[in-house]
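The structure file start-v5.cif is reproduced below (mmCIF, C-alpha atoms).
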```cif
data_protein
loop_
_atom_site.group_PDB
_atom_site.id
_atom_site.type_symbol
_atom_site.label_atom_id
_atom_site.label_comp_id
_atom_site.auth_asym_id
_atom_site.auth_seq_id
_atom_site.Cartn_x
_atom_site.Cartn_y
_atom_site.Cartn_z
ATOM 1 C CA MET G 1 -9.818 -2.300 -11.189
ATOM 2 C CA PHE G 2 -9.802 -1.441 -7.509
ATOM 3 C CA ASP G 3 -6.021 -1.677 -7.240
ATOM 4 C CA LEU G 4 -4.885 -0.242 -3.909
ATOM 5 C CA SER G 5 -1.124 -0.712 -4.347
ATOM 6 C CA GLY G 6 0.822 2.067 -2.677
ATOM 7 C CA LYS G 7 -2.131 3.101 -0.526
ATOM 8 C CA CYS G 8 -2.015 3.006 3.274
ATOM 9 C CA ALA G 9 -5.181 2.178 5.180
ATOM 10 C CA LEU G 10 -6.071 2.393 8.869
ATOM 11 C CA VAL G 11 -8.887 0.095 9.954
ATOM 12 C CA THR G 12 -10.413 0.394 13.429
ATOM 13 C CA GLY G 13 -12.230 -2.502 14.998
ATOM 14 C CA ALA G 14 -10.004 -4.866 13.042
ATOM 15 C CA THR G 15 -10.490 -7.552 15.703
ATOM 16 C CA GLY G 16 -14.163 -7.842 14.749
ATOM 17 C CA GLY G 17 -15.720 -9.878 11.954
ATOM 18 C CA ILE G 18 -16.403 -6.980 9.598
ATOM 19 C CA GLY G 19 -13.245 -5.003 10.465
ATOM 20 C CA GLY G 20 -11.047 -8.058 9.960
ATOM 21 C CA ALA G 21 -12.667 -8.796 6.606
ATOM 22 C CA ILE G 22 -12.210 -5.179 5.500
ATOM 23 C CA ALA G 23 -8.539 -5.234 6.498
ATOM 24 C CA ARG G 24 -7.994 -8.494 4.617
ATOM 25 C CA ALA G 25 -9.767 -7.213 1.521
ATOM 26 C CA LEU G 26 -7.886 -3.893 1.395
ATOM 27 C CA HIS G 27 -4.636 -5.753 1.947
ATOM 28 C CA GLY G 28 -5.595 -8.221 -0.758
ATOM 29 C CA GLN G 29 -5.937 -5.333 -3.221
ATOM 30 C CA GLY G 30 -2.384 -4.268 -2.448
ATOM 31 C CA ALA G 31 -2.846 -1.729 0.337
ATOM 32 C CA THR G 32 -0.605 -1.456 3.370
ATOM 33 C CA VAL G 33 -2.820 -1.752 6.430
ATOM 34 C CA ALA G 34 -2.666 -0.618 10.055
ATOM 35 C CA LEU G 35 -4.897 -2.771 12.224
ATOM 36 C CA SER G 36 -6.450 -1.095 15.225
ATOM 37 C CA GLY G 37 -8.527 -2.512 18.028
ATOM 38 C CA ARG G 38 -8.458 -3.165 21.738
ATOM 39 C CA GLN G 39 -7.032 -6.694 21.748
ATOM 40 C CA ALA G 40 -3.370 -6.524 20.748
ATOM 41 C CA GLU G 41 -2.926 -10.309 20.458
ATOM 42 C CA LYS G 42 -5.794 -10.653 18.001
ATOM 43 C CA LEU G 43 -4.345 -7.823 15.932
ATOM 44 C CA GLU G 44 -0.913 -9.435 15.989
ATOM 45 C CA ALA G 45 -2.437 -12.711 14.845
ATOM 46 C CA LEU G 46 -4.176 -11.033 11.910
ATOM 47 C CA ALA G 47 -1.042 -9.082 10.995
ATOM 48 C CA GLY G 48 0.932 -12.334 11.102
ATOM 49 C CA GLU G 49 -1.569 -13.963 8.789
ATOM 50 C CA LEU G 50 -1.415 -11.076 6.322
ATOM 51 C CA GLY G 51 2.381 -10.968 6.376
ATOM 52 C CA GLU G 52 4.015 -8.027 4.657
ATOM 53 C CA ARG G 53 2.384 -4.597 4.585
ATOM 54 C CA ALA G 54 0.513 -5.183 7.852
ATOM 55 C CA HIS G 55 1.039 -3.125 11.003
ATOM 56 C CA VAL G 56 -0.584 -3.203 14.398
ATOM 57 C CA ALA G 57 -1.872 -0.058 16.145
ATOM 58 C CA PRO G 58 -3.809 -0.978 19.295
ATOM 59 C CA CYS G 59 -6.208 1.689 20.537
ATOM 60 C CA ASP G 60 -9.201 1.873 22.870
ATOM 61 C CA LEU G 61 -11.722 4.111 21.125
ATOM 62 C CA GLY G 62 -13.255 4.904 24.492
ATOM 63 C CA ASP G 63 -10.066 6.913 25.131
ATOM 64 C CA LEU G 64 -10.601 9.903 22.853
ATOM 65 C CA ASP G 65 -7.087 11.286 23.338
ATOM 66 C CA ALA G 66 -5.745 8.003 22.042
ATOM 67 C CA VAL G 67 -8.105 8.288 19.054
ATOM 68 C CA ASP G 68 -6.696 11.744 18.252
ATOM 69 C CA ALA G 69 -3.204 10.274 18.139
ATOM 70 C CA LEU G 70 -4.092 7.147 16.157
ATOM 71 C CA PRO G 71 -3.959 8.457 12.557
ATOM 72 C CA LYS G 72 -0.515 9.973 13.099
ATOM 73 C CA GLN G 73 0.727 6.813 14.747
ATOM 74 C CA ALA G 74 -0.612 4.730 11.860
ATOM 75 C CA ALA G 75 0.822 7.090 9.247
ATOM 76 C CA GLU G 76 4.257 6.865 10.838
ATOM 77 C CA ALA G 77 4.127 3.079 10.927
ATOM 78 C CA MET G 78 2.968 2.782 7.315
ATOM 79 C CA GLY G 79 4.757 5.774 5.785
ATOM 80 C CA GLY G 80 1.520 7.499 4.824
ATOM 81 C CA LEU G 81 -2.233 7.484 5.297
ATOM 82 C CA HIS G 82 -4.723 7.478 2.441
ATOM 83 C CA ILE G 83 -7.672 5.450 3.663
ATOM 84 C CA VAL G 84 -9.352 5.446 7.060
ATOM 85 C CA VAL G 85 -12.051 2.922 7.835
ATOM 86 C CA SER G 86 -13.919 3.837 10.996
ATOM 87 C CA ASN G 87 -15.452 0.487 11.755
ATOM 88 C CA ALA G 88 -15.261 -0.017 15.503
ATOM 89 C CA GLY G 89 -18.586 0.034 17.251
ATOM 90 C CA VAL G 90 -20.352 -1.184 20.349
ATOM 91 C CA THR G 91 -23.938 -1.995 21.257
ATOM 92 C CA ARG G 92 -25.648 -1.585 24.642
ATOM 93 C CA ASP G 93 -29.160 -2.634 23.734
ATOM 94 C CA GLY G 94 -32.277 -2.121 25.796
ATOM 95 C CA LEU G 95 -35.686 -0.541 25.524
ATOM 96 C CA MET G 96 -35.354 3.184 25.851
ATOM 97 C CA LEU G 97 -37.674 3.306 28.866
ATOM 98 C CA MET G 98 -35.085 1.198 30.649
ATOM 99 C CA MET G 99 -31.977 2.665 29.052
ATOM 100 C CA LYS G 100 -29.498 4.070 31.534
ATOM 101 C CA PRO G 101 -27.812 7.328 30.542
ATOM 102 C CA GLU G 102 -24.456 5.526 30.697
ATOM 103 C CA MET G 103 -25.634 3.105 28.001
ATOM 104 C CA TRP G 104 -26.481 6.053 25.793
ATOM 105 C CA ASP G 105 -23.253 7.920 26.492
ATOM 106 C CA GLU G 106 -20.946 4.987 25.894
ATOM 107 C CA VAL G 107 -22.466 4.076 22.540
ATOM 108 C CA ILE G 108 -22.456 7.670 21.318
ATOM 109 C CA ARG G 109 -18.864 8.150 22.475
ATOM 110 C CA VAL G 110 -17.393 5.019 20.919
ATOM 111 C CA ASN G 111 -19.458 4.976 17.722
ATOM 112 C CA LEU G 112 -19.985 8.624 16.880
ATOM 113 C CA THR G 113 -17.554 10.817 18.794
ATOM 114 C CA ALA G 114 -14.617 8.536 18.069
ATOM 115 C CA TYR G 115 -15.491 8.716 14.352
ATOM 116 C CA PHE G 116 -15.457 12.514 14.565
ATOM 117 C CA ARG G 117 -12.101 12.550 16.343
ATOM 118 C CA LEU G 118 -10.576 9.949 14.030
ATOM 119 C CA ALA G 119 -11.728 11.668 10.836
ATOM 120 C CA LYS G 120 -10.631 15.081 12.077
ATOM 121 C CA ALA G 121 -7.175 13.851 12.974
ATOM 122 C CA ALA G 122 -6.782 12.126 9.605
ATOM 123 C CA LEU G 123 -7.976 15.083 7.535
ATOM 124 C CA ARG G 124 -4.953 17.313 7.853
ATOM 125 C CA GLY G 125 -2.726 14.967 5.952
ATOM 126 C CA MET G 126 -5.441 14.030 3.474
ATOM 127 C CA THR G 127 -6.317 17.583 2.461
ATOM 128 C CA ARG G 128 -2.625 18.399 2.138
ATOM 129 C CA GLN G 129 -1.843 15.418 -0.046
ATOM 130 C CA ARG G 130 -5.036 16.041 -2.043
ATOM 131 C CA PHE G 131 -6.170 12.479 -1.631
ATOM 132 C CA GLY G 132 -8.157 10.682 0.995
ATOM 133 C CA ARG G 133 -10.825 8.093 1.529
ATOM 134 C CA ILE G 134 -12.786 8.112 4.765
ATOM 135 C CA ILE G 135 -15.168 5.214 5.112
ATOM 136 C CA ALA G 136 -17.453 4.795 8.096
ATOM 137 C CA VAL G 137 -19.234 1.577 8.861
ATOM 138 C CA ALA G 138 -22.697 2.692 9.934
ATOM 139 C CA SER G 139 -25.739 0.406 10.008
ATOM 140 C CA VAL G 140 -29.105 -0.080 8.395
ATOM 141 C CA VAL G 141 -30.686 0.744 11.752
ATOM 142 C CA GLY G 142 -29.236 4.253 11.527
ATOM 143 C CA VAL G 143 -31.730 4.777 8.727
ATOM 144 C CA THR G 144 -34.627 2.515 9.720
ATOM 145 C CA GLY G 145 -34.436 2.572 13.526
ATOM 146 C CA ASN G 146 -34.750 -0.578 15.591
ATOM 147 C CA PRO G 147 -36.556 -1.239 18.870
ATOM 148 C CA GLY G 148 -34.059 -1.785 21.664
ATOM 149 C CA GLN G 149 -31.339 0.167 19.876
ATOM 150 C CA ALA G 150 -32.214 3.840 20.351
ATOM 151 C CA ASN G 151 -28.629 4.612 21.313
ATOM 152 C CA TYR G 152 -27.023 2.531 18.570
ATOM 153 C CA ALA G 153 -29.406 3.779 15.876
ATOM 154 C CA ALA G 154 -28.823 7.381 16.955
ATOM 155 C CA SER G 155 -25.060 6.919 16.812
ATOM 156 C CA LYS G 156 -25.232 5.400 13.327
ATOM 157 C CA ALA G 157 -27.636 8.067 12.026
ATOM 158 C CA GLY G 158 -25.217 10.618 13.451
ATOM 159 C CA MET G 159 -22.348 9.061 11.531
ATOM 160 C CA ILE G 160 -24.336 9.341 8.316
ATOM 161 C CA GLY G 161 -25.119 13.015 8.925
ATOM 162 C CA MET G 162 -21.531 13.828 9.826
ATOM 163 C CA THR G 163 -20.341 11.989 6.730
ATOM 164 C CA LYS G 164 -22.503 14.107 4.437
ATOM 165 C CA SER G 165 -21.353 17.367 6.026
ATOM 166 C CA LEU G 166 -17.685 16.465 5.941
ATOM 167 C CA ALA G 167 -17.971 15.165 2.385
ATOM 168 C CA ALA G 168 -19.215 18.574 1.273
ATOM 169 C CA GLU G 169 -16.377 20.320 3.104
ATOM 170 C CA VAL G 170 -13.485 18.373 1.620
ATOM 171 C CA ALA G 171 -14.727 17.203 -1.792
ATOM 172 C CA SER G 172 -12.644 19.877 -3.514
ATOM 173 C CA ARG G 173 -9.503 18.306 -2.025
ATOM 174 C CA ASN G 174 -10.089 14.917 -3.605
ATOM 175 C CA VAL G 175 -11.066 13.480 -0.241
ATOM 176 C CA THR G 176 -14.231 11.398 -0.268
ATOM 177 C CA VAL G 177 -16.244 10.497 2.800
ATOM 178 C CA ASN G 178 -18.820 7.726 2.657
ATOM 179 C CA CYS G 179 -20.706 5.296 4.850
ATOM 180 C CA ILE G 180 -21.383 1.639 4.426
ATOM 181 C CA ALA G 181 -24.596 0.531 6.105
ATOM 182 C CA PRO G 182 -24.536 -3.221 6.668
ATOM 183 C CA GLY G 183 -27.757 -5.012 7.378
ATOM 184 C CA PHE G 184 -27.568 -8.248 9.341
ATOM 185 C CA ILE G 185 -24.120 -9.721 8.898
ATOM 186 C CA ALA G 186 -23.044 -12.998 10.506
ATOM 187 C CA THR G 187 -20.537 -11.820 13.167
ATOM 188 C CA ALA G 188 -20.084 -12.040 16.922
ATOM 189 C CA MET G 189 -22.401 -9.022 17.258
ATOM 190 C CA THR G 190 -25.316 -10.823 15.550
ATOM 191 C CA GLY G 191 -24.234 -14.197 16.986
ATOM 192 C CA ALA G 192 -25.560 -12.952 20.328
ATOM 193 C CA LEU G 193 -29.119 -13.075 18.967
ATOM 194 C CA ASN G 194 -31.319 -16.061 19.915
ATOM 195 C CA ASP G 195 -32.904 -18.361 17.308
ATOM 196 C CA GLN G 196 -36.278 -16.666 17.531
ATOM 197 C CA GLN G 197 -34.709 -13.266 16.900
ATOM 198 C CA LYS G 198 -32.695 -14.652 13.997
ATOM 199 C CA GLU G 199 -35.792 -16.163 12.425
ATOM 200 C CA ALA G 200 -37.660 -12.894 12.731
ATOM 201 C CA ILE G 201 -34.779 -11.085 11.058
ATOM 202 C CA LEU G 202 -34.415 -13.570 8.224
ATOM 203 C CA SER G 203 -38.105 -13.262 7.393
ATOM 204 C CA LYS G 204 -37.441 -9.597 6.572
ATOM 205 C CA ILE G 205 -34.441 -10.194 4.310
ATOM 206 C CA PRO G 206 -35.385 -10.826 0.669
ATOM 207 C CA ALA G 207 -32.015 -12.468 0.050
ATOM 208 C CA GLY G 208 -33.052 -15.075 2.645
ATOM 209 C CA GLU G 209 -29.777 -15.146 4.553
ATOM 210 C CA MET G 210 -27.524 -12.991 6.634
ATOM 211 C CA GLY G 211 -24.677 -11.296 4.849
ATOM 212 C CA ALA G 212 -21.029 -12.253 5.233
ATOM 213 C CA PRO G 213 -18.331 -9.850 6.454
ATOM 214 C CA GLU G 214 -16.786 -10.172 2.974
ATOM 215 C CA ASP G 215 -19.892 -8.594 1.456
ATOM 216 C CA VAL G 216 -19.227 -5.475 3.501
ATOM 217 C CA ALA G 217 -15.499 -5.616 2.787
ATOM 218 C CA ALA G 218 -16.145 -5.554 -0.960
ATOM 219 C CA ALA G 219 -18.059 -2.305 -0.532
ATOM 220 C CA ALA G 220 -15.112 -0.866 1.404
ATOM 221 C CA VAL G 221 -12.695 -1.856 -1.357
ATOM 222 C CA TYR G 222 -14.863 -0.059 -3.898
ATOM 223 C CA LEU G 223 -15.217 3.131 -1.858
ATOM 224 C CA ALA G 224 -11.466 3.150 -1.141
ATOM 225 C CA SER G 225 -10.563 2.786 -4.792
ATOM 226 C CA GLU G 226 -9.595 5.372 -7.368
ATOM 227 C CA GLU G 227 -12.646 4.260 -9.339
ATOM 228 C CA ALA G 228 -14.977 5.629 -6.624
ATOM 229 C CA ARG G 229 -13.448 9.127 -6.784
ATOM 230 C CA TYR G 230 -16.773 10.717 -7.819
ATOM 231 C CA VAL G 231 -18.788 9.056 -5.051
ATOM 232 C CA THR G 232 -18.944 11.062 -1.830
ATOM 233 C CA GLY G 233 -21.354 11.742 1.016
ATOM 234 C CA GLN G 234 -23.170 8.522 0.221
ATOM 235 C CA THR G 235 -24.367 5.602 2.264
ATOM 236 C CA LEU G 236 -23.899 2.284 0.522
ATOM 237 C CA HIS G 237 -26.418 -0.236 1.879
ATOM 238 C CA VAL G 238 -25.279 -3.850 2.019
ATOM 239 C CA ASN G 239 -28.300 -5.623 3.433
ATOM 240 C CA GLY G 240 -29.693 -8.296 1.115
ATOM 241 C CA GLY G 241 -32.633 -6.060 0.317
ATOM 242 C CA MET G 242 -34.015 -5.794 3.856
ATOM 243 C CA ALA G 243 -34.289 -2.028 3.481
ATOM 244 C CA MET G 244 -34.332 -0.304 0.100
ATOM 245 C CA ILE G 245 -33.623 3.361 0.563
ATOM 246 C CA MET E 1 9.315 42.858 3.579
ATOM 247 C CA SER E 2 10.950 41.033 6.445
ATOM 248 C CA ASP E 3 12.221 37.501 6.066
ATOM 249 C CA LEU E 4 9.198 36.200 7.982
ATOM 250 C CA ALA E 5 6.822 38.144 5.753
ATOM 251 C CA GLU E 6 8.550 36.754 2.667
ATOM 252 C CA ARG E 7 8.106 33.205 3.941
ATOM 253 C CA VAL E 8 4.422 33.844 4.651
ATOM 254 C CA LYS E 9 4.019 35.277 1.172
ATOM 255 C CA LYS E 10 5.721 32.292 -0.411
ATOM 256 C CA ILE E 11 3.342 29.863 1.330
ATOM 257 C CA VAL E 12 0.317 31.907 0.262
ATOM 258 C CA VAL E 13 1.486 32.130 -3.352
ATOM 259 C CA GLU E 14 2.170 28.404 -3.521
ATOM 260 C CA HIS E 15 -0.991 27.313 -1.783
ATOM 261 C CA LEU E 16 -3.457 29.610 -3.506
ATOM 262 C CA ASP E 17 -1.596 29.699 -6.802
ATOM 263 C CA VAL E 18 -1.925 33.468 -7.106
ATOM 264 C CA ASP E 19 0.162 36.262 -8.628
ATOM 265 C CA PRO E 20 2.858 37.204 -6.050
ATOM 266 C CA ALA E 21 2.182 40.874 -6.752
ATOM 267 C CA LYS E 22 -1.296 40.498 -5.282
ATOM 268 C CA VAL E 23 -0.033 39.084 -2.007
ATOM 269 C CA GLU E 24 0.401 42.257 0.010
ATOM 270 C CA PRO E 25 -0.305 42.771 3.715
ATOM 271 C CA LYS E 26 -3.753 44.258 3.262
ATOM 272 C CA ALA E 27 -4.881 41.559 0.834
ATOM 273 C CA SER E 28 -7.824 39.536 2.160
ATOM 274 C CA PHE E 29 -7.453 35.800 1.608
ATOM 275 C CA ILE E 30 -11.096 35.367 0.674
ATOM 276 C CA ASP E 31 -11.984 38.674 -1.012
ATOM 277 C CA ASP E 32 -8.736 39.422 -2.831
ATOM 278 C CA LEU E 33 -6.974 36.089 -3.248
ATOM 279 C CA GLY E 34 -9.888 33.784 -4.026
ATOM 280 C CA ALA E 35 -9.457 31.503 -1.029
ATOM 281 C CA ASP E 36 -12.317 29.540 0.488
ATOM 282 C CA SER E 37 -12.715 28.779 4.182
ATOM 283 C CA LEU E 38 -10.956 25.427 3.803
ATOM 284 C CA ASP E 39 -7.997 27.182 2.127
ATOM 285 C CA ILE E 40 -7.647 29.356 5.223
ATOM 286 C CA VAL E 41 -7.593 26.322 7.494
ATOM 287 C CA GLU E 42 -4.943 24.751 5.277
ATOM 288 C CA LEU E 43 -2.887 27.949 5.221
ATOM 289 C CA VAL E 44 -2.999 28.088 8.998
ATOM 290 C CA MET E 45 -1.780 24.480 9.122
ATOM 291 C CA ALA E 46 1.018 25.343 6.713
ATOM 292 C CA PHE E 47 2.036 28.356 8.817
ATOM 293 C CA GLU E 48 2.067 26.189 11.931
ATOM 294 C CA GLU E 49 4.495 23.817 10.271
ATOM 295 C CA GLU E 50 6.717 26.378 8.612
ATOM 296 C CA PHE E 51 7.108 28.532 11.715
ATOM 297 C CA ASP E 52 6.705 25.854 14.380
ATOM 298 C CA VAL E 53 3.946 27.771 16.145
ATOM 299 C CA GLU E 54 0.535 26.767 17.462
ATOM 300 C CA ILE E 55 -2.343 28.768 16.051
ATOM 301 C CA PRO E 56 -5.444 28.014 18.158
ATOM 302 C CA ASP E 57 -8.792 27.706 16.359
ATOM 303 C CA ASP E 58 -10.173 30.982 17.729
ATOM 304 C CA ALA E 59 -7.040 32.854 16.648
ATOM 305 C CA ALA E 60 -7.194 31.248 13.228
ATOM 306 C CA GLU E 61 -10.632 32.791 12.742
ATOM 307 C CA THR E 62 -9.178 36.283 13.153
ATOM 308 C CA ILE E 63 -6.601 35.747 10.419
ATOM 309 C CA GLN E 64 -8.336 37.318 7.423
ATOM 310 C CA THR E 65 -5.516 39.080 5.580
ATOM 311 C CA VAL E 66 -1.891 38.402 4.731
ATOM 312 C CA GLY E 67 -0.966 41.115 7.242
ATOM 313 C CA ASP E 68 -3.023 39.397 9.974
ATOM 314 C CA ALA E 69 -1.017 36.234 9.413
ATOM 315 C CA ILE E 70 2.330 38.027 9.450
ATOM 316 C CA ASN E 71 1.410 39.923 12.625
ATOM 317 C CA PHE E 72 0.130 36.850 14.428
ATOM 318 C CA ILE E 73 3.192 34.768 13.640
ATOM 319 C CA THR E 74 5.535 37.662 14.492
ATOM 320 C CA GLU E 75 3.854 37.953 17.903
ATOM 321 C CA GLN E 76 4.132 34.205 18.467
ATOM 322 C CA LYS E 77 7.815 34.138 17.583
ATOM 323 C CA LYS E 78 8.728 36.918 20.072
#
```

Let me see the file written as structure tokens.
Amino acid sequence: MFDLSGKCALVTGATGGIGGAIARALHGQGATVALSGRQAEKLEALAGELGERAHVAPCDLGDLDAVDALPKQAAEAMGGLHIVVSNAGVTRDGLMLMMKPEMWDEVIRVNLTAYFRLAKAALRGMTRQRFGRIIAVASVVGVTGNPGQANYAASKAGMIGMTKSLAAEVASRNVTVNCIAPGFIATAMTGALNDQQKEAILSKIPAGEMGAPEDVAAAAVYLASEEARYVTGQTLHVNGGMAMI
Amino acid sequence: MSDLAERVKKIVVEHLDVDPAKVEPKASFIDDLGADSLDIVELVMAFEEEFDVEIPDDAAETIQTVGDAINFITEQKK
């Protein structure tokens, strides 16, 4: 099950903990992968580790014209494009009363608008070939909200809404569009939290620990697979039970 | 039909899997040929490739019939 041989996958944010784990997992199931992110050296290092079937496609998602071009660039490098994982994301946390408009704009642009541009650019080929898997890494806070993250939560809720709409539009073409909503996963993004914050978070997670990037990657493998062909417009929560929706 | 019209017709027949006899200039993609709105977008993309033309989104919305498509592409190729 979950064999991805012959499939080509573009993963954004592949320099991060979750993106790297997703790229490794898809590759491990036989997919050819194109690794995208801002830091070319980190991408090269990961591609070197993966060996064959790994390509590097650096891109700054803040540059929306570059995002438009990314799927084509990845497809040319890999010889096709079947799976897109929109994983890159940024946080600019702060209480909303103190949130500068720039903090709002940047998070919406990189997390939500880049997902729109990336998915749109990838769709042409996917609808034509009558196969596609678009997977967006959203967040539990897009559903629950979180103080200090009005911008981030809004961007992630937006991704979920866009996913549902697009899923309805292209389901007849054998293209599925789904979100994964990680809870608290041990990565650089959550590493920035202090001990008190971590303790407060752990007290709300029935599983009693933060998740690992591999937990999220396993969900991506499933949604990318042939076996998940009848699952679309959904948000798969990977959060140790901290929110049951 | 002109060569261009024949090529348009061929794309429509292949994409929508319809009887070639039904694909005449006044045939509406949606009402007569059973297309949905996504089919029209895909047809426009196919026309762009076949004829190497750019069909902007607002122009694509005006392409409702086979004849509309033939006329638009003919204009573009002038």

For chain E against chain G, with a cut-off of 8 Å and counting only C-alpha atoms, what is the closest atom pair and its distance in Å to one decimal for every residue that makes the cut, ordered by chain and number, as JSON lines?
```
{"residue": "E:Leu38", "atom": "CA", "partner": "G:Glu169", "partner_atom": "CA", "distance": 7.5}
{"residue": "E:Glu42", "atom": "CA", "partner": "G:Arg128", "partner_atom": "CA", "distance": 7.5}
{"residue": "E:Met45", "atom": "CA", "partner": "G:Arg124", "partner_atom": "CA", "distance": 7.9}
```

If the PyMOL selection byres ((chain G and resi 67) around 12) is run on the structure shown, which residues does it catch, given as a ChimeraX atom specification?
/G:10,12,36-38,57-66,68-74,86,88,109-111,113-122

Can you tell me, as a PyMOL selection string, what residues are no more than 9 Å from Phe72 of chain E when counting only C-alpha atoms, ignoring any on the same chain fewer than 4 positions away?
chain E and resi 55+59+63+67-68+76-77

As a CSV table (one decimal) with C-alpha atoms, keeping the file's coordinate frame, please: the residues near segment 10-20 of chain E (cut-off 12 Å, only C-alpha atoms, same-chain neighbours under 3 positions excluded).
```
chain,number,residue,atom,x,y,z
G,127,THR,CA,-6.3,17.6,2.5
G,128,ARG,CA,-2.6,18.4,2.1
G,130,ARG,CA,-5.0,16.0,-2.0
E,1,MET,CA,9.3,42.9,3.6
E,3,ASP,CA,12.2,37.5,6.1
E,4,LEU,CA,9.2,36.2,8.0
E,5,ALA,CA,6.8,38.1,5.8
E,6,GLU,CA,8.6,36.8,2.7
E,7,ARG,CA,8.1,33.2,3.9
E,23,VAL,CA,0.0,39.1,-2.0
E,24,GLU,CA,0.4,42.3,0.0
E,25,PRO,CA,-0.3,42.8,3.7
E,27,ALA,CA,-4.9,41.6,0.8
E,28,SER,CA,-7.8,39.5,2.2
E,29,PHE,CA,-7.5,35.8,1.6
E,30,ILE,CA,-11.1,35.4,0.7
E,32,ASP,CA,-8.7,39.4,-2.8
E,33,LEU,CA,-7.0,36.1,-3.2
E,34,GLY,CA,-9.9,33.8,-4.0
E,35,ALA,CA,-9.5,31.5,-1.0
E,36,ASP,CA,-12.3,29.5,0.5
E,38,LEU,CA,-11.0,25.4,3.8
E,39,ASP,CA,-8.0,27.2,2.1
E,40,ILE,CA,-7.6,29.4,5.2
E,41,VAL,CA,-7.6,26.3,7.5
E,42,GLU,CA,-4.9,24.8,5.3
E,43,LEU,CA,-2.9,27.9,5.2
E,44,VAL,CA,-3.0,28.1,9.0
E,45,MET,CA,-1.8,24.5,9.1
E,46,ALA,CA,1.0,25.3,6.7
E,47,PHE,CA,2.0,28.4,8.8
E,48,GLU,CA,2.1,26.2,11.9
E,49,GLU,CA,4.5,23.8,10.3
E,50,GLU,CA,6.7,26.4,8.6
E,51,PHE,CA,7.1,28.5,11.7
E,65,THR,CA,-5.5,39.1,5.6
E,66,VAL,CA,-1.9,38.4,4.7
E,67,GLY,CA,-1.0,41.1,7.2
E,69,ALA,CA,-1.0,36.2,9.4
E,70,ILE,CA,2.3,38.0,9.4
```

What does the distance between atom CA of Ala219 of chain G and atom CA of Gly145 of chain G come to in Å, to one decimal place?
22.1 Å

Å distance separating atom CA of Lys7 of chain G from atom CA of Val137 of chain G, one decimal place
19.6 Å

Considering only C-alpha atoms, can you say which of G:Ala192, G:Ala136, G:Ala150, G:Met242 comes closest to Lys164 of chain G?
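The shortest atom-to-atom distance to Lys164 of chain G comes from G:Ala136.
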
Interatomic distance between atom CA of Ile135 of chain G and atom CA of Met210 of chain G?
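According to the coordinates, atom CA of Ile135 of chain G and atom CA of Met210 of chain G are separated by 22.1 Å.
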
Run the PyMOL selection byres ((chain G and resi 212) around 8) mentally over the shown coordinates, then write out the matched residues as an MDAnalysis selection string, using the chain letters and numbers from the document.
chainID G and resid 185:187 210:211 213:216

Selected residue, from G:Gly51, G:Gly241, G:Gly6, G:Gly158, that lies nearest to Phe184 of chain G when counting all atoms listed in the file:
G:Gly241

If we count only C-alpha atoms and set the cut-off at 12 Å, which residues sit around Thr232 of chain G, ignoring sequence neighbours fewer than 4 positions away in its own chain? Please answer as a list of chain:residue names.
G:Gly132, G:Arg133, G:Ile134, G:Ile135, G:Ala136, G:Ile160, G:Thr163, G:Lys164, G:Ser165, G:Leu166, G:Ala167, G:Ala168, G:Glu169, G:Val170, G:Ala171, G:Ser172, G:Arg173, G:Asn174, G:Val175, G:Thr176, G:Val177, G:Asn178, G:Cys179, G:Ile180, G:Leu223, G:Ala224, G:Glu227, G:Ala228, G:Leu236

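Minimum atom-to-atom distances from G:Asp105, G:Leu50, G:Leu202, G:Thr235 to Ala157 of chain G were compared using all atoms listed in the file, and the lowest value belongs to G:Thr235.
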
As a CSV table (one decimal), in the coordinates of the input, please: segment 19-27 of chain E completed to N, CA and C atoms.
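Generated file (selection28.csv):
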```csv
chain,number,residue,atom,x,y,z
E,19,ASP,N,-0.9,35.3,-8.2
E,19,ASP,CA,0.2,36.3,-8.6
E,19,ASP,C,0.8,36.9,-7.4
E,20,PRO,N,2.2,36.7,-7.2
E,20,PRO,CA,2.9,37.2,-6.0
E,20,PRO,C,2.6,38.7,-5.8
E,21,ALA,N,2.4,39.4,-6.9
E,21,ALA,CA,2.2,40.9,-6.8
E,21,ALA,C,0.9,41.2,-6.0
E,22,LYS,N,0.0,40.3,-6.0
E,22,LYS,CA,-1.3,40.5,-5.3
E,22,LYS,C,-1.2,40.2,-3.8
E,23,VAL,N,-0.2,39.5,-3.4
E,23,VAL,CA,0.0,39.1,-2.0
E,23,VAL,C,0.7,40.2,-1.2
E,24,GLU,N,-0.1,41.2,-0.8
E,24,GLU,CA,0.4,42.3,0.0
E,24,GLU,C,-0.3,42.2,1.4
E,25,PRO,N,0.3,42.9,2.4
E,25,PRO,CA,-0.3,42.8,3.7
E,25,PRO,C,-1.8,43.0,3.8
E,26,LYS,N,-2.3,44.0,3.1
E,26,LYS,CA,-3.8,44.3,3.3
E,26,LYS,C,-4.7,43.3,2.4
E,27,ALA,N,-4.1,42.5,1.7
E,27,ALA,CA,-4.9,41.6,0.8
E,27,ALA,C,-5.7,40.6,1.7
```
